[in-house]
Amino acid sequence: MDDMLVTRYGHAALLVESGATRILIDPGTFSRDAVFDLTGLDAIVVTHQHPDHVDPDRIGDLLEANPGATLLADPETAARLGSPWRAHRDGELTLVGDLELTGVGEWHAVIAEPLPRVANVGVLVTASGEPTLFHPGDSYAVAPPEVDVLAVPLSAPWTKVAETIEFVGRVGPKVMFPIHDCTVSEAGHGVYWQHVSRFGGVPDARDLPQDGTLDM
């Protein structure tokens, strides 16, 4: 089987390719514009309803350009977006081409006590003979076993560096790279990443840029 290729499209948006299978995760308002021009997608996965993970104004055009794509989202977002979106739940496995997509978790991290929590279902991406990738969405609650590559949310209103480091340690990946990092300046990004990469205990910590590519 061909290698798994991961391409960032800004903030939390990832394109994962294995063989002929192409999966897009979390195309939101902070994503690169080019993500909404992608075609040939086999699945689109949304971890939760916040606009930096699903752009409500542009997601329709992306669906029109990819009419055959499987559409998976947490139950609340699937209900909001309507058919043909399907609810993706914790522990639920969906086979898409060469890839297995497994839902992880149920709830978004707490931002502030007065704010109601929304659903959040991360995704494990697995292919036979290839590394397992974990995109947690906006939550550090669940650390699934046997994760090889972690897309780690680096900065958010719901977390701090010590919590990020603790989460990375619980997951224990071989490789990690940052996502969810358009919430800080370029200078601030360097400070956050320095701490997480230094103390996270990950052998291969790659400061993948907003449009960077990882070949695994």
# chains A, B, ... in the order shown; residues from 1 in each chain; ligands from 1

$ closest_atom_pairs --of "segment 24-101 of chain A" --to "segment 115-122 of chain A" --cutoff "9 Å" --atoms "only C-alpha atoms" --output "tab-separated table"
residue	atom	partner	partner_atom	distance
A:Val46	CA	A:Val121	CA	8.2
A:Thr47	CA	A:Val121	CA	5.0
A:His48	CA	A:Asn120	CA	4.9
A:Gln49	CA	A:Val118	CA	7.6
A:His50	CA	A:Val118	CA	8.8
A:Ala73	CA	A:Val121	CA	7.6
A:Asp74	CA	A:Val121	CA	5.4
A:Pro75	CA	A:Ala119	CA	7.2
A:Glu76	CA	A:Ala119	CA	6.3
A:Thr77	CA	A:Ala119	CA	8.0
A:His88	CA	A:Val121	CA	7.0
A:Arg89	CA	A:Val121	CA	6.4
A:Asp90	CA	A:Val121	CA	6.4

$ select_by_dssp --residues "segment 75-104 of chain A" --states "strand (DSSP E)" --output "PyMOL selection string"
chain A and resi 86-87+93-96+99-104

$ write_last_selection --atoms "all heavy atoms" --output "JSON list (two decimals), in the first residue's frame"
[["chain", "number", "residue", "atom", "x", "y", "z"],
["A", 86, "ARG", "N", -23.94, 12.19, 8.29],
["A", 86, "ARG", "CA", -24.20, 11.08, 9.20],
["A", 86, "ARG", "C", -23.53, 11.35, 10.54],
["A", 86, "ARG", "O", -22.42, 11.89, 10.60],
["A", 86, "ARG", "CB", -23.65, 9.78, 8.62],
["A", 86, "ARG", "CG", -24.39, 9.28, 7.39],
["A", 86, "ARG", "CD", -23.60, 8.24, 6.63],
["A", 86, "ARG", "NE", -22.93, 7.28, 7.51],
["A", 86, "ARG", "CZ", -22.00, 6.42, 7.07],
["A", 86, "ARG", "NH1", -21.66, 6.41, 5.80],
["A", 86, "ARG", "NH2", -21.43, 5.57, 7.91],
["A", 87, "ALA", "N", -24.21, 10.98, 11.62],
["A", 87, "ALA", "CA", -23.65, 11.13, 12.95],
["A", 87, "ALA", "C", -22.46, 10.19, 13.14],
["A", 87, "ALA", "O", -22.55, 9.01, 12.82],
["A", 87, "ALA", "CB", -24.70, 10.87, 14.01],
["A", 93, "LEU", "N", -16.95, 2.90, 13.91],
["A", 93, "LEU", "CA", -15.97, 2.73, 12.84],
["A", 93, "LEU", "C", -16.65, 2.83, 11.47],
["A", 93, "LEU", "O", -17.68, 2.19, 11.25],
["A", 93, "LEU", "CB", -15.26, 1.39, 12.98],
["A", 93, "LEU", "CG", -14.09, 1.11, 12.03],
["A", 93, "LEU", "CD1", -13.06, 0.20, 12.72],
["A", 93, "LEU", "CD2", -14.56, 0.44, 10.73],
["A", 94, "THR", "N", -16.05, 3.62, 10.59],
["A", 94, "THR", "CA", -16.54, 3.74, 9.22],
["A", 94, "THR", "C", -15.39, 3.45, 8.27],
["A", 94, "THR", "O", -14.31, 4.03, 8.39],
["A", 94, "THR", "CB", -17.07, 5.18, 8.95],
["A", 94, "THR", "OG1", -18.12, 5.47, 9.87],
["A", 94, "THR", "CG2", -17.61, 5.28, 7.52],
["A", 95, "LEU", "N", -15.61, 2.53, 7.35],
["A", 95, "LEU", "CA", -14.60, 2.18, 6.35],
["A", 95, "LEU", "C", -14.81, 3.04, 5.12],
["A", 95, "LEU", "O", -15.89, 3.06, 4.53],
["A", 95, "LEU", "CB", -14.69, 0.70, 6.00],
["A", 95, "LEU", "CG", -13.66, 0.16, 5.00],
["A", 95, "LEU", "CD1", -12.25, 0.31, 5.56],
["A", 95, "LEU", "CD2", -13.96, -1.28, 4.65],
["A", 96, "VAL", "N", -13.76, 3.77, 4.73],
["A", 96, "VAL", "CA", -13.80, 4.60, 3.52],
["A", 96, "VAL", "C", -12.57, 4.27, 2.69],
["A", 96, "VAL", "O", -11.45, 4.65, 3.03],
["A", 96, "VAL", "CB", -13.82, 6.11, 3.86],
["A", 96, "VAL", "CG1", -13.85, 6.94, 2.58],
["A", 96, "VAL", "CG2", -14.99, 6.46, 4.76],
["A", 99, "LEU", "N", -9.08, 3.43, 4.18],
["A", 99, "LEU", "CA", -8.96, 3.98, 5.53],
["A", 99, "LEU", "C", -10.12, 3.57, 6.44],
["A", 99, "LEU", "O", -11.27, 3.50, 5.99],
["A", 99, "LEU", "CB", -8.87, 5.50, 5.48],
["A", 99, "LEU", "CG", -7.65, 6.07, 4.74],
["A", 99, "LEU", "CD1", -7.74, 7.58, 4.64],
["A", 99, "LEU", "CD2", -6.36, 5.67, 5.45],
["A", 100, "GLU", "N", -9.80, 3.35, 7.72],
["A", 100, "GLU", "CA", -10.80, 3.19, 8.75],
["A", 100, "GLU", "C", -10.86, 4.47, 9.59],
["A", 100, "GLU", "O", -9.83, 4.95, 10.06],
["A", 100, "GLU", "CB", -10.45, 2.01, 9.67],
["A", 100, "GLU", "CG", -10.53, 0.66, 8.99],
["A", 100, "GLU", "CD", -10.21, -0.47, 9.94],
["A", 100, "GLU", "OE1", -9.80, -0.19, 11.10],
["A", 100, "GLU", "OE2", -10.35, -1.64, 9.55],
["A", 101, "LEU", "N", -12.08, 4.99, 9.77],
["A", 101, "LEU", "CA", -12.28, 6.21, 10.56],
["A", 101, "LEU", "C", -13.07, 5.83, 11.81],
["A", 101, "LEU", "O", -14.19, 5.33, 11.71],
["A", 101, "LEU", "CB", -13.05, 7.24, 9.75],
["A", 101, "LEU", "CG", -12.52, 7.55, 8.34],
["A", 101, "LEU", "CD1", -13.40, 8.58, 7.65],
["A", 101, "LEU", "CD2", -11.08, 8.02, 8.40],
["A", 102, "THR", "N", -12.48, 6.07, 12.97],
["A", 102, "THR", "CA", -13.11, 5.71, 14.24],
["A", 102, "THR", "C", -13.35, 6.96, 15.07],
["A", 102, "THR", "O", -12.43, 7.76, 15.28],
["A", 102, "THR", "CB", -12.22, 4.73, 15.03],
["A", 102, "THR", "OG1", -11.94, 3.58, 14.22],
["A", 102, "THR", "CG2", -12.92, 4.29, 16.31],
["A", 103, "GLY", "N", -14.57, 7.13, 15.54],
["A", 103, "GLY", "CA", -14.91, 8.27, 16.38],
["A", 103, "GLY", "C", -14.31, 8.13, 17.77],
["A", 103, "GLY", "O", -14.24, 7.04, 18.33],
["A", 104, "VAL", "N", -13.86, 9.27, 18.33],
["A", 104, "VAL", "CA", -13.21, 9.28, 19.65],
["A", 104, "VAL", "C", -13.78, 10.43, 20.48],
["A", 104, "VAL", "O", -13.67, 11.60, 20.10],
["A", 104, "VAL", "CB", -11.69, 9.45, 19.52],
["A", 104, "VAL", "CG1", -11.05, 9.51, 20.92],
["A", 104, "VAL", "CG2", -11.07, 8.32, 18.72]]

$ residues_around --residues "Met216 of chain A" --least-positions-apart "2" --cutoff "8 Å" --atoms "only C-alpha atoms" --output "number ranges by chain"
A: 3-6, 130-131, 214

$ select_by_dssp --residues "chain A" --states "helix (DSSP H, G or I)" --output "number ranges by chain"
A: 33-37, 59-65, 75-81, 161-171, 186-199

$ closest_residue --among "A:Thr183, A:Val175, A:Tyr140, A:Ala127" --to "Leu208 of chain A" --atoms "only C-alpha atoms"
A:Val175

$ closest_residue --among "A:Leu15, A:Leu63, A:Val54, A:Cys182" --to "Leu154 of chain A" --atoms "only C-alpha atoms"
A:Cys182

$ residues_around --residues "segment 161-174 of chain A" --least-positions-apart "6" --cutoff "12 Å" --atoms "only C-alpha atoms" --output "PyMOL selection string"
chain A and resi 109+131-136+138-155+180+188-189+191-206+216
